[in-house]
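Visitor: You'll find my_file_38.cif just under this line, and it carries mmCIF, C-alpha atoms.
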data_coords
#
loop_
_atom_site.group_PDB
_atom_site.id
_atom_site.type_symbol
_atom_site.label_atom_id
_atom_site.label_comp_id
_atom_site.auth_asym_id
_atom_site.auth_seq_id
_atom_site.Cartn_x
_atom_site.Cartn_y
_atom_site.Cartn_z
ATOM 1 C CA MET D 8 20.842 -3.731 -0.717
ATOM 2 C CA LYS D 9 20.992 -6.946 1.295
ATOM 3 C CA ASN D 10 18.631 -5.440 3.880
ATOM 4 C CA MET D 11 16.190 -4.533 1.120
ATOM 5 C CA LYS D 12 16.287 -8.093 -0.213
ATOM 6 C CA LYS D 13 15.704 -9.474 3.289
ATOM 7 C CA ILE D 14 12.738 -7.141 3.750
ATOM 8 C CA SER D 15 11.310 -8.114 0.344
ATOM 9 C CA VAL D 16 11.654 -11.845 1.023
ATOM 10 C CA LYS D 17 10.101 -11.412 4.470
ATOM 11 C CA THR D 18 7.205 -9.429 2.982
ATOM 12 C CA VAL D 19 6.584 -12.056 0.299
ATOM 13 C CA VAL D 20 6.635 -14.880 2.867
ATOM 14 C CA ILE D 21 4.178 -13.028 5.118
ATOM 15 C CA CYS D 22 1.847 -12.335 2.156
ATOM 16 C CA VAL D 23 1.953 -15.971 1.058
ATOM 17 C CA VAL D 24 1.181 -17.190 4.597
ATOM 18 C CA ILE D 25 -1.717 -14.724 4.859
ATOM 19 C CA LEU D 26 -3.122 -15.834 1.493
ATOM 20 C CA ILE D 27 -2.913 -19.519 2.446
ATOM 21 C CA CYS D 28 -4.555 -18.924 5.831
ATOM 22 C CA ALA D 29 -7.287 -16.790 4.246
ATOM 23 C CA TYR D 30 -7.881 -19.457 1.594
ATOM 24 C CA PHE D 31 -8.508 -22.165 4.180
ATOM 25 C CA TYR D 32 -10.533 -19.788 6.363
ATOM 26 C CA ALA D 33 -12.814 -19.141 3.374
ATOM 27 C CA TYR D 34 -13.790 -22.825 3.232
ATOM 28 C CA ILE D 35 -17.148 -22.575 4.961
ATOM 29 C CA ASP D 36 -20.552 -24.218 5.117
ATOM 30 C CA LYS D 37 -22.328 -22.095 2.502
ATOM 31 C CA MET D 38 -26.038 -21.908 3.328
ATOM 32 C CA HIS D 39 -29.073 -21.331 1.127
ATOM 33 C CA PRO D 40 -32.430 -20.988 2.937
ATOM 34 C CA LEU D 41 -35.438 -22.854 1.582
ATOM 35 C CA PHE D 42 -37.760 -20.565 3.541
ATOM 36 C CA ASP D 43 -38.312 -16.806 3.473
ATOM 37 C CA PRO D 44 -35.765 -15.198 5.871
ATOM 38 C CA ASP D 45 -38.004 -12.131 6.155
ATOM 39 C CA VAL D 46 -40.773 -14.107 7.887
ATOM 40 C CA PRO D 47 -40.626 -13.327 11.661
ATOM 41 C CA THR D 48 -39.568 -16.260 13.850
ATOM 42 C CA SER D 49 -42.709 -15.673 15.913
ATOM 43 C CA GLU D 50 -44.723 -16.940 12.929
ATOM 44 C CA TYR D 51 -42.899 -20.275 12.698
ATOM 45 C CA ILE D 52 -45.047 -23.352 13.292
ATOM 46 C CA SER D 53 -43.813 -26.448 15.120
ATOM 47 C CA THR D 54 -44.487 -29.921 13.751
ATOM 48 C CA GLY D 55 -44.618 -31.334 17.248
ATOM 49 C CA VAL D 56 -42.701 -34.518 18.011
ATOM 50 C CA LEU D 57 -42.487 -36.708 14.893
ATOM 51 C CA TYR D 58 -43.137 -39.973 16.748
ATOM 52 C CA ASP D 59 -45.908 -40.894 14.337
ATOM 53 C CA GLY D 60 -44.565 -39.912 10.925
ATOM 54 C CA THR D 61 -42.085 -37.902 8.913
ATOM 55 C CA ILE D 62 -41.553 -34.451 7.504
ATOM 56 C CA GLU D 63 -40.558 -34.313 3.838
ATOM 57 C CA GLN D 64 -39.273 -31.212 2.086
ATOM 58 C CA THR D 65 -38.766 -31.042 -1.668
ATOM 59 C CA PHE D 66 -36.461 -28.369 -3.095
ATOM 60 C CA THR D 67 -34.149 -27.553 -6.007
ATOM 61 C CA MET D 68 -30.412 -27.200 -5.354
ATOM 62 C CA LYS D 69 -28.600 -23.921 -6.030
ATOM 63 C CA GLU D 70 -25.098 -25.297 -5.433
ATOM 64 C CA ASN D 71 -23.056 -27.954 -7.210
ATOM 65 C CA MET D 72 -22.535 -29.955 -4.020
ATOM 66 C CA LEU D 73 -24.571 -30.780 -0.931
ATOM 67 C CA ASP D 74 -23.084 -31.847 2.414
ATOM 68 C CA GLY D 75 -26.131 -31.679 4.649
ATOM 69 C CA MET D 76 -29.069 -29.655 5.894
ATOM 70 C CA TYR D 77 -29.300 -26.941 8.530
ATOM 71 C CA VAL D 78 -32.625 -27.238 10.361
ATOM 72 C CA LYS D 79 -34.286 -25.540 13.297
ATOM 73 C CA CYS D 80 -35.331 -27.925 16.069
ATOM 74 C CA GLN D 81 -37.573 -27.876 19.116
ATOM 75 C CA ILE D 82 -36.999 -30.251 22.043
ATOM 76 C CA ALA D 83 -40.082 -31.592 23.813
ATOM 77 C CA ASP D 84 -39.276 -32.568 27.424
ATOM 78 C CA GLN D 85 -35.946 -34.225 26.506
ATOM 79 C CA ALA D 86 -34.497 -36.119 23.569
ATOM 80 C CA ASP D 87 -31.496 -37.968 24.990
ATOM 81 C CA ASP D 88 -32.909 -41.374 24.038
ATOM 82 C CA VAL D 89 -34.105 -40.238 20.612
ATOM 83 C CA GLU D 90 -32.254 -40.669 17.336
ATOM 84 C CA ILE D 91 -32.871 -38.405 14.352
ATOM 85 C CA MET D 92 -32.636 -40.229 11.040
ATOM 86 C CA TYR D 93 -32.636 -38.447 7.695
ATOM 87 C CA GLU D 94 -32.169 -39.193 4.023
ATOM 88 C CA LEU D 95 -32.095 -37.448 0.678
ATOM 89 C CA VAL D 96 -34.007 -38.724 -2.345
ATOM 90 C CA ASP D 97 -33.162 -37.756 -5.927
ATOM 91 C CA MET D 98 -36.585 -37.022 -7.433
ATOM 92 C CA GLU D 99 -35.429 -37.797 -10.967
ATOM 93 C CA SER D 100 -34.226 -41.328 -10.200
ATOM 94 C CA ASP D 101 -36.387 -41.823 -7.086
ATOM 95 C CA GLN D 102 -33.294 -43.214 -5.350
ATOM 96 C CA ILE D 103 -31.877 -42.470 -1.908
ATOM 97 C CA VAL D 104 -28.564 -40.712 -2.603
ATOM 98 C CA ALA D 105 -27.573 -39.716 0.936
ATOM 99 C CA LYS D 106 -28.479 -40.430 4.532
ATOM 100 C CA GLY D 107 -27.342 -39.840 8.074
ATOM 101 C CA SER D 108 -28.363 -39.832 11.728
ATOM 102 C CA MET D 109 -27.785 -37.834 14.886
ATOM 103 C CA PRO D 110 -28.514 -38.540 18.552
ATOM 104 C CA GLY D 111 -31.114 -36.242 20.042
ATOM 105 C CA SER D 112 -28.737 -35.405 22.885
ATOM 106 C CA LYS D 113 -26.699 -33.257 20.460
ATOM 107 C CA LEU D 114 -29.641 -31.048 19.512
ATOM 108 C CA LYS D 115 -30.368 -27.724 21.198
ATOM 109 C CA ASN D 116 -33.839 -26.356 21.770
ATOM 110 C CA ASN D 117 -35.036 -23.649 19.361
ATOM 111 C CA GLN D 118 -31.705 -23.554 17.548
ATOM 112 C CA PHE D 119 -30.428 -24.569 14.129
ATOM 113 C CA THR D 120 -28.549 -27.869 13.897
ATOM 114 C CA LYS D 121 -26.230 -29.131 11.165
ATOM 115 C CA LEU D 122 -27.376 -32.528 9.912
ATOM 116 C CA ARG D 123 -24.495 -33.767 7.759
ATOM 117 C CA PHE D 124 -24.791 -36.590 5.256
ATOM 118 C CA GLU D 125 -22.435 -39.543 5.386
ATOM 119 C CA GLU D 126 -21.000 -38.439 2.045
ATOM 120 C CA THR D 127 -21.061 -35.336 -0.154
ATOM 121 C CA ILE D 128 -23.513 -35.214 -3.051
ATOM 122 C CA GLU D 129 -21.856 -33.699 -6.129
ATOM 123 C CA ASN D 130 -23.053 -32.347 -9.491
ATOM 124 C CA CYS D 131 -26.424 -31.474 -8.013
ATOM 125 C CA ASN D 132 -26.956 -27.880 -9.176
ATOM 126 C CA GLY D 133 -30.490 -27.531 -10.567
ATOM 127 C CA LYS D 134 -31.570 -31.004 -9.435
ATOM 128 C CA THR D 135 -34.643 -31.602 -7.304
ATOM 129 C CA TYR D 136 -34.390 -33.522 -4.043
ATOM 130 C CA THR D 137 -36.609 -34.492 -1.145
ATOM 131 C CA PHE D 138 -35.202 -34.316 2.373
ATOM 132 C CA ILE D 139 -36.917 -36.743 4.764
ATOM 133 C CA LEU D 140 -36.711 -36.589 8.568
ATOM 134 C CA GLN D 141 -37.974 -39.115 11.100
ATOM 135 C CA GLU D 142 -37.307 -40.107 14.712
ATOM 136 C CA LYS D 143 -36.551 -43.333 16.535
ATOM 137 C CA GLY D 144 -37.410 -43.751 20.204
ATOM 138 C CA ALA D 145 -39.715 -40.728 20.371
ATOM 139 C CA SER D 146 -43.131 -40.560 22.016
ATOM 140 C CA GLU D 147 -45.963 -38.037 21.957
ATOM 141 C CA LEU D 148 -44.405 -35.982 24.770
ATOM 142 C CA LYS D 149 -40.714 -36.798 24.335
ATOM 143 C CA GLY D 150 -38.590 -36.126 21.292
ATOM 144 C CA VAL D 151 -37.879 -33.497 18.671
ATOM 145 C CA GLY D 152 -40.064 -31.232 16.602
ATOM 146 C CA PHE D 153 -39.122 -29.094 13.612
ATOM 147 C CA PHE D 154 -40.281 -25.698 12.396
ATOM 148 C CA TYR D 155 -41.910 -24.556 9.180
ATOM 149 C CA GLU D 156 -43.543 -21.409 7.819
ATOM 150 C CA LEU D 157 -47.123 -21.226 6.621
ATOM 151 C CA LYS D 158 -46.049 -20.360 3.105
ATOM 152 C CA GLN D 159 -45.054 -22.567 0.206
ATOM 153 C CA GLU D 160 -41.978 -21.099 -1.419
ATOM 154 C CA LYS D 161 -41.487 -21.297 -5.178
ATOM 155 C CA GLY D 162 -40.061 -24.633 -6.311
ATOM 156 C CA THR D 163 -40.709 -26.339 -2.973
ATOM 157 C CA GLU D 164 -43.224 -28.793 -1.585
ATOM 158 C CA MET D 165 -43.690 -30.020 1.977
ATOM 159 C CA SER D 166 -45.385 -33.077 3.409
ATOM 160 C CA LEU D 167 -46.059 -33.623 7.117
ATOM 161 C CA ARG D 168 -47.030 -37.044 8.470
ATOM 162 C CA GLY D 169 -47.883 -38.205 4.972
ATOM 163 C CA GLU D 170 -50.082 -35.229 4.073
ATOM 164 C CA LYS D 171 -49.140 -32.378 1.749
ATOM 165 C CA THR D 172 -48.877 -29.147 3.753
ATOM 166 C CA ASP D 173 -49.013 -25.563 2.550
ATOM 167 C CA GLY D 174 -45.710 -24.550 4.095
ATOM 168 C CA THR D 175 -41.927 -24.646 3.855
ATOM 169 C CA MET D 176 -39.536 -26.189 6.339
ATOM 170 C CA ILE D 177 -37.243 -23.807 8.231
ATOM 171 C CA ALA D 178 -34.129 -25.351 6.739
ATOM 172 C CA LYS D 179 -31.092 -24.439 4.678
ATOM 173 C CA THR D 180 -28.982 -26.454 2.268
ATOM 174 C CA MET D 181 -25.376 -26.750 3.402
ATOM 175 C CA SER D 182 -22.419 -26.909 0.987
ATOM 176 C CA HIS D 183 -18.896 -26.996 2.418
ATOM 177 C CA ARG D 184 -16.802 -25.155 -0.160
ATOM 178 C CA PHE D 185 -14.499 -22.220 -0.841
ATOM 179 C CA ASP D 186 -16.475 -18.970 -0.685
ATOM 180 C CA LEU D 187 -14.992 -16.140 -2.748
ATOM 181 C CA GLU D 188 -17.052 -13.494 -0.955
ATOM 182 C CA THR D 189 -15.702 -14.552 2.437
ATOM 183 C CA PHE D 190 -12.152 -14.590 1.032
ATOM 184 C CA ILE D 191 -12.454 -11.070 -0.424
ATOM 185 C CA VAL D 192 -13.991 -9.630 2.762
ATOM 186 C CA LEU D 193 -11.273 -11.205 4.891
ATOM 187 C CA MET D 194 -8.467 -9.952 2.624
ATOM 188 C CA GLY D 195 -10.017 -6.476 2.639
ATOM 189 C CA PHE D 196 -10.124 -6.521 6.439
ATOM 190 C CA ILE D 197 -6.484 -7.669 6.644
ATOM 191 C CA ALA D 198 -5.434 -4.960 4.164
ATOM 192 C CA PHE D 199 -7.291 -2.321 6.213
ATOM 193 C CA ILE D 200 -5.559 -3.418 9.429
ATOM 194 C CA GLY D 201 -2.175 -3.436 7.672
ATOM 195 C CA ILE D 202 -2.642 0.079 6.284
ATOM 196 C CA PHE D 203 -3.956 1.342 9.623
ATOM 197 C CA PHE D 204 -0.912 0.097 11.544
ATOM 198 C CA ARG D 205 1.393 1.385 8.804
ATOM 199 C CA ILE D 206 -0.099 4.877 9.216
ATOM 200 C CA LEU D 207 0.264 4.679 12.996
ATOM 201 C CA TYR D 208 3.874 3.549 12.610
ATOM 202 C CA ASN D 209 4.675 6.518 10.328
ATOM 203 C CA LEU D 210 2.953 8.960 12.700
ATOM 204 C CA PHE D 211 4.952 7.897 15.740
ATOM 205 C CA LYS D 212 8.178 7.088 13.947
#
How does this structure look as structure tokens?

Guide:
Amino acid sequence: MKNMKKISVKTVVICVVILICAYFYAYIDKMHPLFDPDVPTSEYISTGVLYDGTIEQTFTMKENMLDGMYVKCQIADQADDVEIMYELVDMESDQIVAKGSMPGSKLKNNQFTKLRFEETIENCNGKTYTFILQEKGASELKGVGFFYELKQEKGTEMSLRGEKTDGTMIAKTMSHRFDLETFIVLMGFIAFIGIFFRILYNLFK
């Protein structure tokens, strides 16, 4: 009887530890693309180095919080002396509600980069924002470019170097939160492994 109680307590402790670990593991940067993921990457267009202007992307949020943007970059020559500056404008109030910066040395060519805001924007589900990117220290042949598709997605609007452009920036909204789908998948995987080893144990017992 005592052995059974010890086994039960041990099992409960292990389950609790697994649940806690899975809970924290499921806190991820949840992404929502502004562009069409089905468009081949070969059809992406580069803005070229933004030494002479900005790229502005208007979109409507699908999450209740926003921590940053996930954008695809292109390095021209090198960008070690370049600084990327970005801000978020609430279109309803026309106020800057978030901003941030990142040294160009941290960017990787032809890869997505997480541009986090200095603080989380909350209660933003359904609100319309404009994300604005510009560069400091860039020149025509040195700096960072960004990608966009030649297609204006529903509910979006893009402006490049001050001119409205029929396209959508290759970017995703980024919300750091608990993701139930990730939690369920992880727990299912853990349960599968547990059952699998239990079957093996019984076979070779």

Visitor: What does the PyMOL selection byres ((chain D and resi 125) around 10) select in this file, as an MDAnalysis selection string?

Guide: chainID D and resid 74:75 94 105:108 122:124 126:128

Visitor: Could you tell me, as number ranges by chain, which residues have any atom at most 7 Å from (-37.9, -44.0, 17.6), counting all atoms listed in the file?

Guide: D: 58, 89-90, 142-145

Visitor: Fewer than 4 positions away in the same chain doesn't count, so skip those; otherwise give me all residues within 8 Å of Gln159 in chain D, counting all atoms listed in the file, as a list of chain:residue names.

Guide: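 Near Gln159 in chain D, the qualifying residues are D:Thr163, D:Glu164, D:Met165, D:Asp173, D:Gly174, D:Thr175.
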
Visitor: Quick one: residues within 12 Å of Gly152 in chain D, only C-alpha atoms counted, chain neighbours fewer than 3 positions away excluded, as a count of residues only?

Guide: 42

Visitor: Near Tyr77 in chain D, counting all atoms listed in the file, which residues have an atom at most 6 Å away, once you skip same-chain residues fewer than 2 positions from it, shown as a ChimeraX atom specification?

Guide: /D:120-121,178-179

Visitor: Just write the chosen residues, C-alpha atoms, as an mmCIF file, in the frame of the given file.

Guide:
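So the final result, stored in selection-v8.cif, reads:
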data_model
loop_
_atom_site.group_PDB
_atom_site.id
_atom_site.type_symbol
_atom_site.label_atom_id
_atom_site.label_comp_id
_atom_site.auth_asym_id
_atom_site.auth_seq_id
_atom_site.Cartn_x
_atom_site.Cartn_y
_atom_site.Cartn_z
ATOM 1 C CA THR D 120 -28.549 -27.869 13.897
ATOM 2 C CA LYS D 121 -26.230 -29.131 11.165
ATOM 3 C CA ALA D 178 -34.129 -25.351 6.739
ATOM 4 C CA LYS D 179 -31.092 -24.439 4.678
#

Visitor: If I take CA of Tyr93 in chain D and CA of Asn132 in chain D, how far is one from the other in Å, to one decimal?

Guide: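 A separation of 20.7 Å between them.
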
Visitor: When distances are computed from only C-alpha atoms, which of D:Asp101, D:Asp88, D:Glu160, D:Asp36 shows the smallest separation from Leu73 in chain D?

Guide: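 The closest residue to Leu73 in chain D is D:Asp36.
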
Visitor: From (-28.8, -28.4, -12.1), in the file's coordinates, out to 12 Å: which residues are reached, counting only C-alpha atoms? Answer as a PyMOL selection string.

Guide: chain D and resi 66-72+99+129-136

Visitor: Would you mind exporting C-alpha atoms of the selected residues as a short mmCIF file (atom, residue, chain, number, x, y, z; two decimals), in the coordinates of the input?

Guide:
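Once everything was written out, this is result.cif:
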data_model
loop_
_atom_site.label_atom_id
_atom_site.label_comp_id
_atom_site.auth_asym_id
_atom_site.auth_seq_id
_atom_site.Cartn_x
_atom_site.Cartn_y
_atom_site.Cartn_z
CA PHE D 66 -36.46 -28.37 -3.10
CA THR D 67 -34.15 -27.55 -6.01
CA MET D 68 -30.41 -27.20 -5.35
CA LYS D 69 -28.60 -23.92 -6.03
CA GLU D 70 -25.10 -25.30 -5.43
CA ASN D 71 -23.06 -27.95 -7.21
CA MET D 72 -22.54 -29.96 -4.02
CA GLU D 99 -35.43 -37.80 -10.97
CA GLU D 129 -21.86 -33.70 -6.13
CA ASN D 130 -23.05 -32.35 -9.49
CA CYS D 131 -26.42 -31.47 -8.01
CA ASN D 132 -26.96 -27.88 -9.18
CA GLY D 133 -30.49 -27.53 -10.57
CA LYS D 134 -31.57 -31.00 -9.44
CA THR D 135 -34.64 -31.60 -7.30
CA TYR D 136 -34.39 -33.52 -4.04
#

Visitor: Just the number, please: distance in Å from CA of Phe31 in chain D to CA of Met194 in chain D, one decimal.

Guide: 12.3 Å

Visitor: Near Gly195 in chain D, within 12 Å and counting all atoms listed in the file, which residues show up once chain neighbours fewer than 6 positions away are dropped, as a short mmCIF file (atom, residue, chain, number, x, y, z; two decimals) with C-alpha atoms, keeping the file's coordinate frame?

Guide:
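Once written, part_0.cif looks like this:
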data_model
loop_
_atom_site.label_atom_id
_atom_site.label_comp_id
_atom_site.auth_asym_id
_atom_site.auth_seq_id
_atom_site.Cartn_x
_atom_site.Cartn_y
_atom_site.Cartn_z
CA ILE D 25 -1.72 -14.72 4.86
CA LEU D 26 -3.12 -15.83 1.49
CA ALA D 29 -7.29 -16.79 4.25
CA GLU D 188 -17.05 -13.49 -0.96
CA THR D 189 -15.70 -14.55 2.44
CA GLY D 201 -2.17 -3.44 7.67
CA ILE D 202 -2.64 0.08 6.28
#

Visitor: Which is closer to Leu95 in chain D than all the others in D:Met76, D:Val23, D:Leu187, D:Ile139, using all atoms listed in the file?

Guide: D:Ile139

Visitor: Can you measure CA of Ile103 in chain D to CA of Gly150 in chain D for me? One decimal in Å is fine.

Guide: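 For CA of Ile103 in chain D relative to CA of Gly150 in chain D, the distance reads 25.0 Å.
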
Visitor: For Thr137 in chain D, which residue out of D:Glu156, D:Lys113, D:Ser100, D:Cys28 is the nearest one, using only C-alpha atoms?

Guide: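 Closest candidate: D:Ser100.
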
Visitor: Go through D:Met92, D:Lys158, D:Gly169, D:Gln64 and flag the residue nearest Pro44 in chain D, using all atoms listed in the file for the distances.

Guide: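 For Pro44 in chain D, the nearest of the given residues is D:Lys158.
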
Visitor: Can you list, as a ChimeraX atom specification, every protein, DNA or RNA residue that comes within 8 Å of Lys37 in chain D when you count all atoms listed in the file, leaving out same-chain residues fewer than 4 positions away?

Guide: /D:180-184,186
